[in-house]
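Read the structure below first, then the notes.
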Amino acid sequence: MSTRTTPPPAMQKTLPPGRYGFVDLLRSEWTKIRTVRSTVWTIGVTVVLGIGIGALVSALTRSHWFGMSPAQRATFDAPATSLIGILFAQFAIGILGVLVISAEYSTGTIRATFSAAPNRSRVFVAKIIVFGVLSFIVAEFTSFVAFFLGQFLLSSPATHATLSRPGAFRAVFGGGLFVCILGLIALGLGTIIRHTAGAISAFVGILLVLPIVTAALPNQLAQDIRKFMPDRIGVDVLTTKGHDFGSFSPWVGIVILAIYAVVLLAIGASMLERRDA
Amino acid sequence: MIEAQGLTKHYGDKHAVEQLSFTVRPGVVTGFLGPNGSGKSTTMRMIMGLDAPTAGDVTVKGKHFKNLQWPLREVGALLEAKAIHPGRSARSHLSMLAQTNHLSNTRVDELLELVGLTSVANKRAGKFSLGMGQRLGIAAALLGDPEILLFDEPVNGLDPDGIRWVRNLLKGLAREGRTVFVSSHLMSEMALTADEVVIIGRGKLISQTSIEELLSQSTENFVRVRSPEAAKLKAALEGQGAVVALEDDGSLSVRGANEVAIGELAAKIAVVLHELAPQSASLEEAFMELTEDSIEYHGTTTSAGPTNATGATS
């Protein structure tokens with residue numbers, strides 16, 4: 001080889017025992033999620049719209065109570081009215097779910113992440129847990145506050161509900177769960193699609209466009225397909241007074257939704273492992 | 001130690017890296033040279049386990065990157081400048097990386113200090129200049145105090161002070177017995193930093209050699225001659241079989257005859273010499289010569305064609 005002087009001896013570094021652990025990955029993912037503004041914004045919108053819209057609709061219902069027909073009053077669903085903001089919150093959480101992974105791709109952070117922790121599936125599971133727990137807490141907080149505030153605003157002359165009313169607790173707790181699972185579905189879509197705009201479009205499309213498309217199908221077929229769709233499952237969960245369209249019972253709906261999330265996350269994980277970062 | 005064996009990466013029809021084998025050893029700075037688009041970054045991503053090779057294999061410390069126990073403490077890499085979330089601060093970026101390998105925030109602060117970013121540590125990285133982004137990337141690479149370091153074009157975007165700082169940093173890291181692998185498309189930069197070079201073109205290995213050897217192998221060695229009777233001397237030299245080019249400044253570039261032969265010939269035909277200077281090719285020229293046929297993206301200049309054997313200027 002060359003004629004130059006012998007290089008210094010190779011560095012011998014003593015490493016700590018074991019290997020990088022899962023708890024370390026959880027801490028890292030928590031640092032990531034709390035140190036960007038998009039998290040603050042999307043969570044802020046989730047809470048403000050989730051609570052605010054329900055409160056607004058509740059207050060308006062009360063002030064227009066005497067203008068409602070007896071039939072309308074009889075079928076009035078107090079819990080569902082206070083939780084109407086959930087339908088806005090779901091989009092904000094969905095955007096956060098997408099961004100948690102797509103922003104890593106768009107900024108190149110993903111390569112820094114995998115250079116520090118190359119076990120991609122473990123990183124992904126840590127990400128799912130951190131985002132899942134955060135979105136669960138935010139969604140449940142939003143749902144419960146929206147319920148109590150809404151019921152407070154629906155006081156006499158309007159009828160209001162308590163948590164002990166049949167279906168009320170399910171609607172409130174299930175509403176939070178619904179939003180949290182939608183967030184995980186968004187995370188799965190973001191992992192598969194990798195582009196922020198594309199993944200958000202897919203998420204919104206599933207919730208808003210798919211129902212319109214199915215509406216064009218023959219009635220019976222449409223009903224059979226509709227009940228599998230996330231937006232219908234959401235309505236089933238939030239409603240405490242029976243409705244007339246065919247659907248699953250609320251908890252079955254939640255389980256179906258959870259299966260969607262698991263399938264999308266599993267596909268995402270396997271693509272994460274196989275694709276070049 | 002980094003070892004590549006028959007490393008190959010195809011993207012569809014494009015052969016980004018083809019049958020690349022090389023070894024990067026500890027204690028020296030190894031330059032990774034090649035024109036733009038020659039596969040340097042792809043190779044580095046394969047070393048880091050980010051891209052999967054189509055064929056062949058590459059290991060660090062004898063292992064695949066993904067099997068390292070403490071990746072960040074064993075291998076550090078600067079792969080691209082500004083691969084940072086623009087909304088995240090420099091400190092948070094380093095923190096989240098440090099945490100994956102159980103490194104403390106004290107270590108993060110040390111690195112911010114080392115690269116000179118302490119005063120902007122809490123600012124959003126989106127506001128950073130390219131040079132500050134490079135410094136942050138270097139901090140991330142050094143975070144785990146690793147034995148093996150990879151830097152992809154580390155001086156891009158740095159000012160002269162920053163460039164000198166990186167140069168000294170790389171040499172210092174090698175002196176400590178670390179394996180230092182630095183890519184660049186600038187031979188002149190590597191000449192000042194690297195001890196050894198791995199040169200590639202169009203994804204294929206052209207040469208792995210030391211800087212000295214690279215210079216001595218070059219055919220771009222010639223003698224510069226100045227004379228008031230240049231035309232007469234030129235004719236005489238050509239009569240002896242030398243290749244002589246008349247340069248714009250009136251000097252002659254002579255190939256195929258050394259300074260001794262030229263001096264003796266001049267004395268014999270009684271031509272006065274004002275200058276007789278053997279020239280060795282610069283590393284830049286040696287590099288150009290090696291990679292000439294493998295440039296992916298040719299630019300054209302108005303003055304010269306791509307391969308002009310006798311028209312080289314000094």
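Chain labels run A, B, ... following the order of the structure tokens; each chain numbers its residues from 1, and ligands are numbered from 1 in the order shown.
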
I'd like a table as CSV: residues in chain B with an atom no more than 8 Å from chain A, each row giving the shortest atom pair and its distance in Å to one decimal, only C-alpha atoms counted, sorted by chain and rising residue number.
```
residue,atom,partner,partner_atom,distance
B:Pro26,CA,A:Ala10,CA,5.3
B:Gly27,CA,A:Pro7,CA,5.1
B:Val28,CA,A:Pro7,CA,6.3
B:Met48,CA,A:Ser115,CA,6.3
B:Gly49,CA,A:Pro118,CA,7.3
B:Leu50,CA,A:Ala277,CA,5.2
B:Asp51,CA,A:Asp276,CA,4.5
B:Ala52,CA,A:Asp276,CA,6.4
B:Phe65,CA,A:Pro118,CA,7.6
B:Lys66,CA,A:Pro118,CA,5.1
B:Gln69,CA,A:Arg19,CA,4.4
B:Trp70,CA,A:Arg19,CA,5.6
B:Pro71,CA,A:Ala116,CA,5.6
B:Leu72,CA,A:Ala116,CA,4.7
B:Arg73,CA,A:Leu15,CA,7.7
B:Gly76,CA,A:Ser115,CA,7.9
B:Ala77,CA,A:Ser115,CA,7.5
B:Ala83,CA,A:Gly108,CA,4.5
B:Ile84,CA,A:Thr109,CA,5.4
B:His85,CA,A:Thr107,CA,5.3
B:Pro86,CA,A:Thr107,CA,7.5
B:Gly87,CA,A:Val36,CA,5.5
B:Arg88,CA,A:Val36,CA,5.4
B:Ser89,CA,A:Thr35,CA,7.7
B:Ser92,CA,A:Thr35,CA,6.6
B:His93,CA,A:Lys32,CA,7.7
B:Ser95,CA,A:Thr31,CA,7.5
B:Met96,CA,A:Ser28,CA,4.5
B:Leu97,CA,A:Ala116,CA,6.4
B:Ala98,CA,A:Ser28,CA,7.9
B:Gln99,CA,A:Ser28,CA,5.3
B:Thr100,CA,A:Asp24,CA,4.9
B:Asn101,CA,A:Tyr20,CA,5.2
B:His102,CA,A:Asp24,CA,6.1
B:Glu147,CA,A:Met11,CA,6.3
B:Arg175,CA,A:Pro8,CA,6.1
B:Glu176,CA,A:Met11,CA,6.6
B:Gly177,CA,A:Ala10,CA,4.4
B:Arg178,CA,A:Met11,CA,5.6
B:Thr179,CA,A:Ala10,CA,7.8
B:Thr209,CA,A:Met1,CA,7.4
B:Ser210,CA,A:Ser2,CA,5.7
B:Glu212,CA,A:Ser2,CA,7.2
B:Glu213,CA,A:Ser2,CA,6.8
```

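Within 9 Å of segment 254-265 of chain A, once only C-alpha atoms are used and residues closer than 4 positions along the same chain are dropped, the contacting residues are Ile128, Gly174, Leu177, Phe178, Ile181, Leu182, Gly183, Leu184, Ile185, Ala186, Leu187, Gly188, Leu189, Thr191, Ile192, Phe228, Met229, Pro230, Ile233, Gly234, Val237, Ser249, Pro250, Ala269 and Ser270 of chain A.
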
Residue nearest His160 of chain A - candidates A:Thr81, A:Gln223, A:Ser121, A:Ser143, atoms counted: only C-alpha atoms: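 Smallest separation from His160 of chain A among the options: A:Thr81.
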
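Rounded to one decimal, atom CA of Ser102 of chain A and atom CA of Glu140 of chain A lie 24.9 Å from each other.
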
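Distance-wise, atom CA of Asp161 of chain B and atom CA of Gln134 of chain B end up 13.4 Å apart.
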
query: Could you name the residues that touch Pro228 of chain B at 9 Å or less, counting only C-alpha atoms, but leaving out those on the same chain fewer than 3 positions away, as a list in words?
result: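 Within the cut-off, the hits are Ala231, Val271, Val272, Leu273 and His274 of chain B.
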
Selected residues written out, N, CA and C atoms, as an mmCIF file, in the first residue's frame:
```cif
data_model
loop_
_atom_site.group_PDB
_atom_site.id
_atom_site.type_symbol
_atom_site.label_atom_id
_atom_site.label_comp_id
_atom_site.auth_asym_id
_atom_site.auth_seq_id
_atom_site.Cartn_x
_atom_site.Cartn_y
_atom_site.Cartn_z
ATOM 1 N N ALA B 231 9.265 28.725 -30.922
ATOM 2 C CA ALA B 231 8.887 27.989 -32.123
ATOM 3 C C ALA B 231 10.007 27.046 -32.579
ATOM 4 N N VAL B 271 19.437 27.442 -27.999
ATOM 5 C CA VAL B 271 18.232 28.212 -27.700
ATOM 6 C C VAL B 271 18.262 28.604 -26.232
ATOM 7 N N VAL B 272 17.980 29.866 -25.959
ATOM 8 C CA VAL B 272 17.985 30.341 -24.572
ATOM 9 C C VAL B 272 16.706 29.890 -23.861
ATOM 10 N N LEU B 273 16.861 29.383 -22.648
ATOM 11 C CA LEU B 273 15.680 28.993 -21.856
ATOM 12 C C LEU B 273 15.444 30.002 -20.748
ATOM 13 N N HIS B 274 14.206 30.419 -20.578
ATOM 14 C CA HIS B 274 13.860 31.304 -19.453
ATOM 15 C C HIS B 274 13.223 30.526 -18.315
#
```

- request: Can you pull out every residue within 9 Å of Val244 of chain B, counting only C-alpha atoms, but drop anything in the same chain fewer than 2 positions away, and send it as a PyMOL selection string?
  value: chain B and resi 234-235+237-238+242+246+252-256+310
